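Some notes on the structure that comes next.
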Amino acid sequence: MSCSRRNFLLGSGAVIFTTGVATTALANGKKLIATETDGLIRYGMVHDETLCIGCTACTDACREVNKVPEGVTRLKIKRSEPIGDFPKASYTFERISCQHCDNAPCIHVCPTQAAYRDPKTGIVDVKADRCVGCGYCLAACPYQVRFFNPETKVADKCDFCRKTNLTQGKKPACVESCPTKALTFGDLNDPNSDINKIIQTHTVYRMKVELGTEPKMYKVPNNKGEILG
Ligand code: SF4
Ligand code: SF4
Ligand code: SF4
């Protein structure tokens with residue numbers, strides 16, 4: 001499947017869909033979201049924005065575990081504008097990180113196959129020894145989550161701790177550090193996984209699905225202060 005330049009440059013923002021639709025998508029399943037990784041592990045994540053308190057323990061843990069240099073980051077927590085007036089103002093928090101797209105523009109544009117998806121896990125990653133630093137993937141990513149690592153000089157981004165925590169049988173550092181259990185990581189191909197249970201029982205959304213990127217990062221919306229269509 002291809003993802004045309006026009007497709008991934010078009011549009012922005014979130015598409016909200018209800019529990020019913022998400023359930024249908026999972027039940028029919030596998031056809032809507034099928035990939036060459038079908039039958040294998042296909043890791044994804046849910047960020048429950050109703051549980052997120054914006055503490056940024058996840059960003060700190062990511063930096064420490066993955067040795068991410070200062071000045072760049074694999075994971076941001078973006079705070080909303082204040083909702084309501086002081087002293088009763090509240091905020092919502094959005095996770096900004098790689099969406100591990102099943103149809104990833106960064107992979108399509110990479111001239112050296114340095115940007116790739118691990119077929120055993122569905123994780124989109126970078127082969128450092130193949131990266132020539134052209135920057136095509138940084139420009140092509142609709143979520144703007146790739147950067148050049150100032151120490152390694154190659155393209156970098158979240159890899160779900162594939163080369164660190166996952167090798168030790170742990171969950172990604174952000175998930176392990178979250179004090180409110182706002183993050184759930186697991187296999188989208190396993191109908192009994194915790195991540196699928198959340199997707200099936202909550203209203204969830206993914207960012208920019210209209211681009212056809214098929215992101216594997218789901219969010220439970222915190223719709224405080226706004227009406228979601
Ligand atoms: S979010 Fe960006 S970097 Fe991550 S897989 Fe999708 S296109 Fe690639
Ligand atoms: S910067 Fe590296 S990973 Fe990105 S497109 Fe160029 S060679 Fe591929
Ligand atoms: S650690 Fe958990 S609660 Fe804190 S900002 Fe990250 S996702 Fe939100």
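Here's how to read the names in the structure tokens: chain A, B, ... by the order shown, residue numbers from 1 in each chain, ligand numbers from 1 in the order shown.
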(request) Name the residues, by chain letter and number, that sit within 7 Å of ligand 3 using only C-alpha atoms and all ligand atoms, and give them as a ChimeraX atom specification. (result) /A:47,51-59,77,174,177-183
(request) Would you list the residues that come within 12 Å of ligand 2? Count only C-alpha atoms and all ligand atoms and give the answer as a VMD selection string. (result) chain A and resid 104 to 117 124 to 141 145 to 149 152 to 157
Write a file of the selected residues as a compact mmCIF listing (two decimals), in the first residue's frame, keeping N, CA and C atoms.
```
# COMPACT_ATOMS: atom_id res chain seq x y z
N ALA A 104 3.63 4.04 7.02
CA ALA A 104 4.45 5.15 7.52
C ALA A 104 5.12 5.94 6.41
N PRO A 105 4.79 7.23 6.26
CA PRO A 105 5.46 8.06 5.25
C PRO A 105 6.97 8.10 5.43
N CYS A 106 7.46 8.05 6.67
CA CYS A 106 8.92 8.11 6.89
C CYS A 106 9.61 6.93 6.21
N ILE A 107 8.95 5.77 6.21
CA ILE A 107 9.54 4.59 5.57
C ILE A 107 9.48 4.73 4.05
N HIS A 108 8.36 5.24 3.55
CA HIS A 108 8.19 5.35 2.10
C HIS A 108 9.24 6.25 1.47
N VAL A 109 9.64 7.31 2.17
CA VAL A 109 10.55 8.28 1.53
C VAL A 109 12.02 7.99 1.78
N CYS A 110 12.33 7.11 2.69
CA CYS A 110 13.75 6.89 3.04
C CYS A 110 14.49 6.21 1.89
N PRO A 111 15.53 6.82 1.36
CA PRO A 111 16.21 6.26 0.19
C PRO A 111 17.14 5.09 0.50
N THR A 112 17.43 4.86 1.77
CA THR A 112 18.41 3.82 2.12
C THR A 112 17.81 2.67 2.94
N GLN A 113 16.50 2.69 3.13
CA GLN A 113 15.81 1.71 3.98
C GLN A 113 16.30 1.75 5.43
N ALA A 114 16.84 2.90 5.81
CA ALA A 114 17.20 3.07 7.23
C ALA A 114 15.94 3.15 8.08
N ALA A 115 14.93 3.83 7.56
CA ALA A 115 13.63 3.88 8.25
C ALA A 115 12.87 2.62 7.87
N TYR A 116 12.44 1.86 8.86
CA TYR A 116 11.81 0.58 8.56
C TYR A 116 10.86 0.18 9.69
N ARG A 117 10.04 -0.81 9.41
CA ARG A 117 9.17 -1.38 10.45
C ARG A 117 9.65 -2.78 10.76
N VAL A 124 8.08 0.88 14.30
CA VAL A 124 8.82 1.63 13.28
C VAL A 124 10.11 2.12 13.93
N ASP A 125 11.24 1.83 13.27
CA ASP A 125 12.54 2.11 13.90
C ASP A 125 13.50 2.66 12.85
N VAL A 126 14.73 2.93 13.27
CA VAL A 126 15.76 3.48 12.39
C VAL A 126 17.01 2.60 12.49
N LYS A 127 17.53 2.18 11.33
CA LYS A 127 18.82 1.48 11.32
C LYS A 127 19.91 2.55 11.22
N ALA A 128 20.59 2.79 12.33
CA ALA A 128 21.53 3.90 12.41
C ALA A 128 22.64 3.77 11.37
N ASP A 129 23.09 2.55 11.12
CA ASP A 129 24.22 2.39 10.20
C ASP A 129 23.84 2.60 8.74
N ARG A 130 22.55 2.72 8.48
CA ARG A 130 22.10 2.96 7.10
C ARG A 130 21.71 4.42 6.87
N CYS A 131 21.53 5.16 7.94
CA CYS A 131 21.02 6.53 7.81
C CYS A 131 22.10 7.46 7.29
N VAL A 132 21.78 8.18 6.21
CA VAL A 132 22.75 9.12 5.62
C VAL A 132 22.43 10.57 5.97
N GLY A 133 21.43 10.76 6.83
CA GLY A 133 21.15 12.11 7.32
C GLY A 133 20.51 13.04 6.31
N CYS A 134 19.78 12.47 5.35
CA CYS A 134 19.19 13.32 4.30
C CYS A 134 18.02 14.16 4.81
N GLY A 135 17.36 13.68 5.85
CA GLY A 135 16.26 14.45 6.44
C GLY A 135 14.92 14.26 5.76
N TYR A 136 14.84 13.38 4.75
CA TYR A 136 13.55 13.19 4.07
C TYR A 136 12.46 12.73 5.05
N CYS A 137 12.85 11.83 5.95
CA CYS A 137 11.85 11.28 6.88
C CYS A 137 11.35 12.34 7.84
N LEU A 138 12.22 13.26 8.24
CA LEU A 138 11.79 14.33 9.13
C LEU A 138 10.73 15.19 8.44
N ALA A 139 10.95 15.45 7.15
CA ALA A 139 10.01 16.28 6.40
C ALA A 139 8.71 15.55 6.13
N ALA A 140 8.79 14.23 5.94
CA ALA A 140 7.60 13.47 5.54
C ALA A 140 6.68 13.11 6.69
N CYS A 141 7.19 13.06 7.90
CA CYS A 141 6.36 12.63 9.04
C CYS A 141 5.27 13.66 9.32
N VAL A 145 7.58 14.22 14.57
CA VAL A 145 8.16 13.64 15.79
C VAL A 145 9.58 13.12 15.59
N ARG A 146 10.12 13.28 14.38
CA ARG A 146 11.49 12.81 14.15
C ARG A 146 12.46 13.97 14.30
N PHE A 147 13.69 13.65 14.65
CA PHE A 147 14.72 14.68 14.82
C PHE A 147 16.08 14.04 14.57
N PHE A 148 17.08 14.87 14.39
CA PHE A 148 18.44 14.34 14.30
C PHE A 148 19.05 14.31 15.69
N ASN A 149 19.55 13.15 16.07
CA ASN A 149 20.21 13.02 17.36
C ASN A 149 21.56 13.75 17.27
N THR A 152 24.52 11.04 17.81
CA THR A 152 24.73 9.99 16.80
C THR A 152 24.66 10.54 15.38
N LYS A 153 24.07 11.73 15.22
CA LYS A 153 23.92 12.39 13.90
C LYS A 153 22.97 11.66 12.97
N VAL A 154 22.15 10.76 13.49
CA VAL A 154 21.19 10.08 12.63
C VAL A 154 19.76 10.39 13.07
N ALA A 155 18.81 10.06 12.21
CA ALA A 155 17.39 10.29 12.52
C ALA A 155 17.00 9.46 13.74
N ASP A 156 16.18 10.05 14.59
CA ASP A 156 15.84 9.43 15.87
C ASP A 156 14.37 9.70 16.17
N LYS A 157 13.81 8.91 17.06
CA LYS A 157 12.42 9.06 17.51
C LYS A 157 12.09 7.94 18.48
```
(request) Within region 14-199 of chain A, find each residue whose DSSP state, derived from the backbone, is strand (DSSP E or B), and express the selection as a count of residues only. (result) 35
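Residue nearest ligand 1 within the list A:Phe185, A:Tyr205, A:Phe160, A:Tyr91: A:Phe160 [criterion: smallest interatomic distance, only C-alpha atoms and all ligand atoms].
Across A:Pro215, A:Gly84, A:Gly71, A:Pro221, the tightest approach to ligand 1 is made by A:Pro215 when counting only C-alpha atoms and all ligand atoms.
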(request) Check region 13-211 of chain A with DSSP on the backbone and list each residue it calls alpha helix (DSSP H), as a PyMOL selection string. (result) chain A and resi 19-28+57-66+105-109+136-140+173-177+194-201
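Among the candidates A:His202, A:Arg162, A:Arg63, A:Arg74, the residue lying nearest to Asn222 (chain A) is A:His202 (atoms considered: only C-alpha atoms).
Shortest separation to ligand 1 among A:Pro172, A:Gly44, A:Pro82, A:Pro142 occurs at residue A:Pro142, atoms counted being only C-alpha atoms and all ligand atoms.
Put simply, CA of Gln168 (chain A) is 15.1 Å away from CA of Thr121 (chain A).
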